[in-house]
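File shown here: my_file_7.pdb, holding PDB, C-alpha atoms.
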ATOM      1  CA  MET A   1     205.858  49.503 102.732  1.00  0.00           C
ATOM      2  CA  THR A   2     202.540  50.817 101.497  1.00  0.00           C
ATOM      3  CA  SER A   3     201.403  50.688  97.905  1.00  0.00           C
ATOM      4  CA  LYS A   4     201.945  54.401  97.360  1.00  0.00           C
ATOM      5  CA  GLU A   5     205.459  54.235  98.772  1.00  0.00           C
ATOM      6  CA  ALA A   6     206.307  51.234  96.604  1.00  0.00           C
ATOM      7  CA  LEU A   7     205.032  52.911  93.445  1.00  0.00           C
ATOM      8  CA  ARG A   8     206.888  56.097  94.332  1.00  0.00           C
ATOM      9  CA  GLU A   9     210.089  54.101  94.816  1.00  0.00           C
ATOM     10  CA  ILE A  10     209.644  52.352  91.458  1.00  0.00           C
ATOM     11  CA  ALA A  11     209.000  55.665  89.697  1.00  0.00           C
ATOM     12  CA  ARG A  12     212.066  57.211  91.315  1.00  0.00           C
ATOM     13  CA  HIS A  13     214.301  54.397  90.083  1.00  0.00           C
ATOM     14  CA  GLU A  14     212.709  54.524  86.650  1.00  0.00           C
ATOM     15  CA  ARG A  15     213.494  58.239  86.322  1.00  0.00           C
ATOM     16  CA  ARG A  16     217.017  57.622  87.565  1.00  0.00           C
ATOM     17  CA  PHE A  17     217.679  54.875  85.008  1.00  0.00           C
ATOM     18  CA  GLU A  18     216.029  56.727  82.122  1.00  0.00           C
ATOM     19  CA  LYS A  19     218.127  59.789  82.886  1.00  0.00           C
ATOM     20  CA  LEU A  20     221.281  57.677  82.663  1.00  0.00           C
ATOM     21  CA  GLY A  21     220.073  55.570  79.730  1.00  0.00           C
ATOM     22  CA  PHE A  22     220.629  52.363  81.709  1.00  0.00           C
ATOM     23  CA  THR A  23     218.487  49.805  79.837  1.00  0.00           C
ATOM     24  CA  ASN A  24     219.106  46.930  82.256  1.00  0.00           C
ATOM     25  CA  GLY A  25     217.798  49.082  85.079  1.00  0.00           C
ATOM     26  CA  ILE A  26     214.742  50.056  83.058  1.00  0.00           C
ATOM     27  CA  MET A  27     214.010  46.368  82.417  1.00  0.00           C
ATOM     28  CA  LEU A  28     214.372  45.700  86.136  1.00  0.00           C
ATOM     29  CA  VAL A  29     211.874  48.492  86.865  1.00  0.00           C
ATOM     30  CA  LYS A  30     209.452  46.941  84.375  1.00  0.00           C
ATOM     31  CA  SER A  31     209.871  43.594  86.110  1.00  0.00           C
ATOM     32  CA  ALA A  32     209.207  45.215  89.498  1.00  0.00           C
ATOM     33  CA  ARG A  33     205.971  46.727  88.154  1.00  0.00           C
ATOM     34  CA  GLU A  34     204.875  43.300  86.913  1.00  0.00           C
ATOM     35  CA  TYR A  35     205.592  41.745  90.313  1.00  0.00           C
ATOM     36  CA  TYR A  36     203.656  44.558  91.952  1.00  0.00           C
ATOM     37  CA  ALA A  37     200.639  43.867  89.722  1.00  0.00           C
ATOM     38  CA  GLU A  38     200.887  40.151  90.478  1.00  0.00           C
ATOM     39  CA  MET A  39     201.095  40.844  94.208  1.00  0.00           C
ATOM     40  CA  LEU A  40     197.972  43.028  94.063  1.00  0.00           C
ATOM     41  CA  GLU A  41     196.135  40.352  92.098  1.00  0.00           C
ATOM     42  CA  TRP A  42     196.910  37.701  94.722  1.00  0.00           C
ATOM     43  CA  GLN A  43     195.962  40.069  97.548  1.00  0.00           C
ATOM     44  CA  GLY A  44     192.560  40.525  95.903  1.00  0.00           C
ATOM     45  CA  LYS A  45     192.070  36.786  95.586  1.00  0.00           C
ATOM     46  CA  VAL A  46     193.049  36.211  99.209  1.00  0.00           C
ATOM     47  CA  ALA A  47     190.702  38.954 100.393  1.00  0.00           C
ATOM     48  CA  ALA A  48     187.838  37.454  98.363  1.00  0.00           C
ATOM     49  CA  ALA A  49     188.390  33.983  99.820  1.00  0.00           C
ATOM     50  CA  ALA A  50     189.229  35.058 103.384  1.00  0.00           C
ATOM     51  CA  LYS A  51     185.722  34.704 104.820  1.00  0.00           C
ATOM     52  CA  SER A  52     185.079  31.205 103.445  1.00  0.00           C
ATOM     53  CA  HIS A  53     188.592  30.118 104.449  1.00  0.00           C
ATOM     54  CA  GLU A  54     188.116  31.210 108.073  1.00  0.00           C
ATOM     55  CA  VAL A  55     184.681  29.568 108.287  1.00  0.00           C
ATOM     56  CA  ALA A  56     186.015  26.348 106.772  1.00  0.00           C
ATOM     57  CA  LYS A  57     189.012  26.364 109.118  1.00  0.00           C
ATOM     58  CA  ALA A  58     186.756  26.613 112.172  1.00  0.00           C
ATOM     59  CA  LYS A  59     184.431  23.948 110.785  1.00  0.00           C
ATOM     60  CA  LEU A  60     187.375  21.647 110.058  1.00  0.00           C
ATOM     61  CA  GLY A  61     188.472  21.749 113.692  1.00  0.00           C
ATOM     62  CA  LYS A  62     184.996  20.766 114.844  1.00  0.00           C
ATOM     63  CA  LEU A  63     184.662  17.988 112.253  1.00  0.00           C
ATOM     64  CA  VAL A  64     188.053  16.508 113.079  1.00  0.00           C
ATOM     65  CA  ALA A  65     187.168  16.462 116.779  1.00  0.00           C
ATOM     66  CA  ALA A  66     183.754  14.900 116.083  1.00  0.00           C
ATOM     67  CA  HIS A  67     185.091  12.163 113.796  1.00  0.00           C
ATOM     68  CA  LYS A  68     188.259  11.357 115.697  1.00  0.00           C
ATOM     69  CA  GLY A  69     188.959   7.632 115.774  1.00  0.00           C
ATOM     70  CA  GLU A  70     186.629   6.743 112.878  1.00  0.00           C
ATOM     71  CA  ASN A  71     188.166   4.725 110.101  1.00  0.00           C
ATOM     72  CA  LYS A  72     185.610   5.372 107.375  1.00  0.00           C
ATOM     73  CA  ARG A  73     185.906   8.257 104.954  1.00  0.00           C
ATOM     74  CA  ASN A  74     183.790  11.305 105.572  1.00  0.00           C
ATOM     75  CA  PRO A  75     182.971  13.280 102.389  1.00  0.00           C
ATOM     76  CA  GLU A  76     182.078  16.435 104.340  1.00  0.00           C
ATOM     77  CA  LEU A  77     185.424  16.369 106.138  1.00  0.00           C
ATOM     78  CA  GLU A  78     187.298  15.935 102.832  1.00  0.00           C
ATOM     79  CA  ARG A  79     185.385  18.805 101.220  1.00  0.00           C
ATOM     80  CA  VAL A  80     186.189  21.165 104.099  1.00  0.00           C
ATOM     81  CA  ARG A  81     189.850  20.114 104.023  1.00  0.00           C
ATOM     82  CA  ARG A  82     190.013  20.993 100.307  1.00  0.00           C
ATOM     83  CA  ILE A  83     188.540  24.442 101.006  1.00  0.00           C
ATOM     84  CA  VAL A  84     191.064  25.099 103.785  1.00  0.00           C
ATOM     85  CA  LYS A  85     193.931  23.815 101.654  1.00  0.00           C
ATOM     86  CA  SER A  86     192.985  26.030  98.701  1.00  0.00           C
ATOM     87  CA  GLY A  87     192.758  29.076 100.987  1.00  0.00           C
ATOM     88  CA  GLU A  88     196.183  28.353 102.420  1.00  0.00           C
ATOM     89  CA  ARG A  89     197.561  27.907  98.903  1.00  0.00           C
ATOM     90  CA  LEU A  90     196.267  31.365  97.966  1.00  0.00           C
ATOM     91  CA  ILE A  91     197.854  32.886 101.062  1.00  0.00           C
ATOM     92  CA  ARG A  92     201.162  31.189 100.250  1.00  0.00           C
ATOM     93  CA  LYS A  93     201.118  32.453  96.650  1.00  0.00           C
ATOM     94  CA  GLU A  94     200.392  35.988  97.838  1.00  0.00           C
ATOM     95  CA  ASN A  95     203.312  35.770 100.254  1.00  0.00           C
ATOM     96  CA  VAL A  96     205.674  34.559  97.521  1.00  0.00           C
ATOM     97  CA  ALA A  97     204.579  37.380  95.206  1.00  0.00           C
ATOM     98  CA  ARG A  98     205.150  39.933  97.975  1.00  0.00           C
ATOM     99  CA  LEU A  99     208.612  38.548  98.741  1.00  0.00           C
ATOM    100  CA  ARG A 100     209.597  38.625  95.073  1.00  0.00           C
ATOM    101  CA  PHE A 101     208.399  42.208  94.767  1.00  0.00           C
ATOM    102  CA  GLU A 102     210.347  43.278  97.849  1.00  0.00           C
ATOM    103  CA  GLU A 103     213.424  41.519  96.464  1.00  0.00           C
ATOM    104  CA  LYS A 104     213.106  43.505  93.214  1.00  0.00           C
ATOM    105  CA  LEU A 105     212.834  46.763  95.151  1.00  0.00           C
ATOM    106  CA  LYS A 106     215.956  45.938  97.148  1.00  0.00           C
ATOM    107  CA  ARG A 107     217.791  45.049  93.976  1.00  0.00           C
ATOM    108  CA  LEU A 108     216.722  48.325  92.361  1.00  0.00           C
ATOM    109  CA  ALA A 109     218.011  50.284  95.331  1.00  0.00           C
ATOM    110  CA  THR A 110     221.401  48.550  95.372  1.00  0.00           C
ATOM    111  CA  ILE A 111     222.122  48.570  91.632  1.00  0.00           C
ATOM    112  CA  PRO A 112     225.306  50.540  90.996  1.00  0.00           C
ATOM    113  CA  VAL A 113     225.168  52.773  87.949  1.00  0.00           C
ATOM    114  CA  GLU A 114     228.331  54.257  86.512  1.00  0.00           C
TER     115      GLU A 114
END

Encoding of this model in structure tokens:
Amino acid sequence: MTSKEALREIARHERRFEKLGFTNGIMLVKSAREYYAEMLEWQGKVAAAAKSHEVAKAKLGKLVAAHKGENKRNPELERVRRIVKSGERLIRKENVARLRFEEKLKRLATIPVE
């Protein structure tokens, strides 16, 4: 679902709940908007860190192969691992935010209003 479609869906449900005066539904719409903003924020962070994450991931593979079998600590290898790990953490947080947002949209669509 694209951003425009998601916002259109949220607005549609908001109008529907306001028309009926269903306050729980309106609160759910507000929550969906907050999740949408959070999802966009994480997408921006992931996009900003994507280049360095990919470079570090490629470099990590080369460093691991070059230092295979060594028992001493390598500070360069540890630094690159931290960069890769932080990039993967950002990607994971973006994914969780997207899943939560999609869950809210599904819940909005299935809410019965009498």

The PyMOL selection byres ((chain A and resi 46) around 8) applied to the shown file, residues as a ChimeraX atom specification: /A:42-45,47-50,87,90-91,94

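Those residues that approach Leu108 of chain A to within 10 Å, counting only C-alpha atoms, are Glu9, Ile10, His13, Glu14, Phe17, Gly25, Ile26, Leu28, Val29, Ala32, Glu102, Glu103, Lys104 and Pro112 of chain A; same-chain residues fewer than 4 positions away are not listed.
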
Pick from A:Ser31, A:Tyr36, A:Glu54, A:Arg82, whichever lies nearest to Lys4 of chain A using only C-alpha atoms: A:Tyr36

Hey, can I get the axis-aligned box for segment 16-35 of chain A? All listed atoms, 5 Å padding on each side, centre and edge lengths in Å to one decimal, as lines of an AutoDock Vina configuration file.
center_x = 213.1
center_y = 50.8
center_z = 85.0
size_x = 26.4
size_y = 28.0
size_z = 20.6

Straight-line distance linking atom CA of Ala97 of chain A with atom CA of Tyr35 of chain A, stated in Å to one decimal: 6.6 Å

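Summary of the local environment: counting only C-alpha atoms, residues at most 12 Å from Arg81 of chain A, other than itself and those fewer than 2 positions away along its chain, are His53, Glu54, Val55, Ala56, Lys57, Ala58, Lys59, Leu60, Gly61, Lys62, Leu63, Val64, Asn74, Pro75, Glu76, Leu77, Glu78, Arg79, Ile83, Val84, Lys85, Ser86, Gly87 and Glu88 of chain A.
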
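The space between atom CA of Ala37 of chain A and atom CA of Arg15 of chain A spans 19.6 Å.
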
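For the choices A:Ala65, A:Leu40, A:Leu20, A:Ala109, the atom-to-atom distance to Thr2 of chain A is smallest for A:Leu40 when using only C-alpha atoms.
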
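When atom CA of Asn95 of chain A is paired with atom CA of Lys51 of chain A, their separation reads 18.2 Å.
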
Option closest in space to Arg33 of chain A, from A:Val80, A:Ile111, A:Leu105, A:Val96 [counting all atoms listed in the file]: A:Leu105
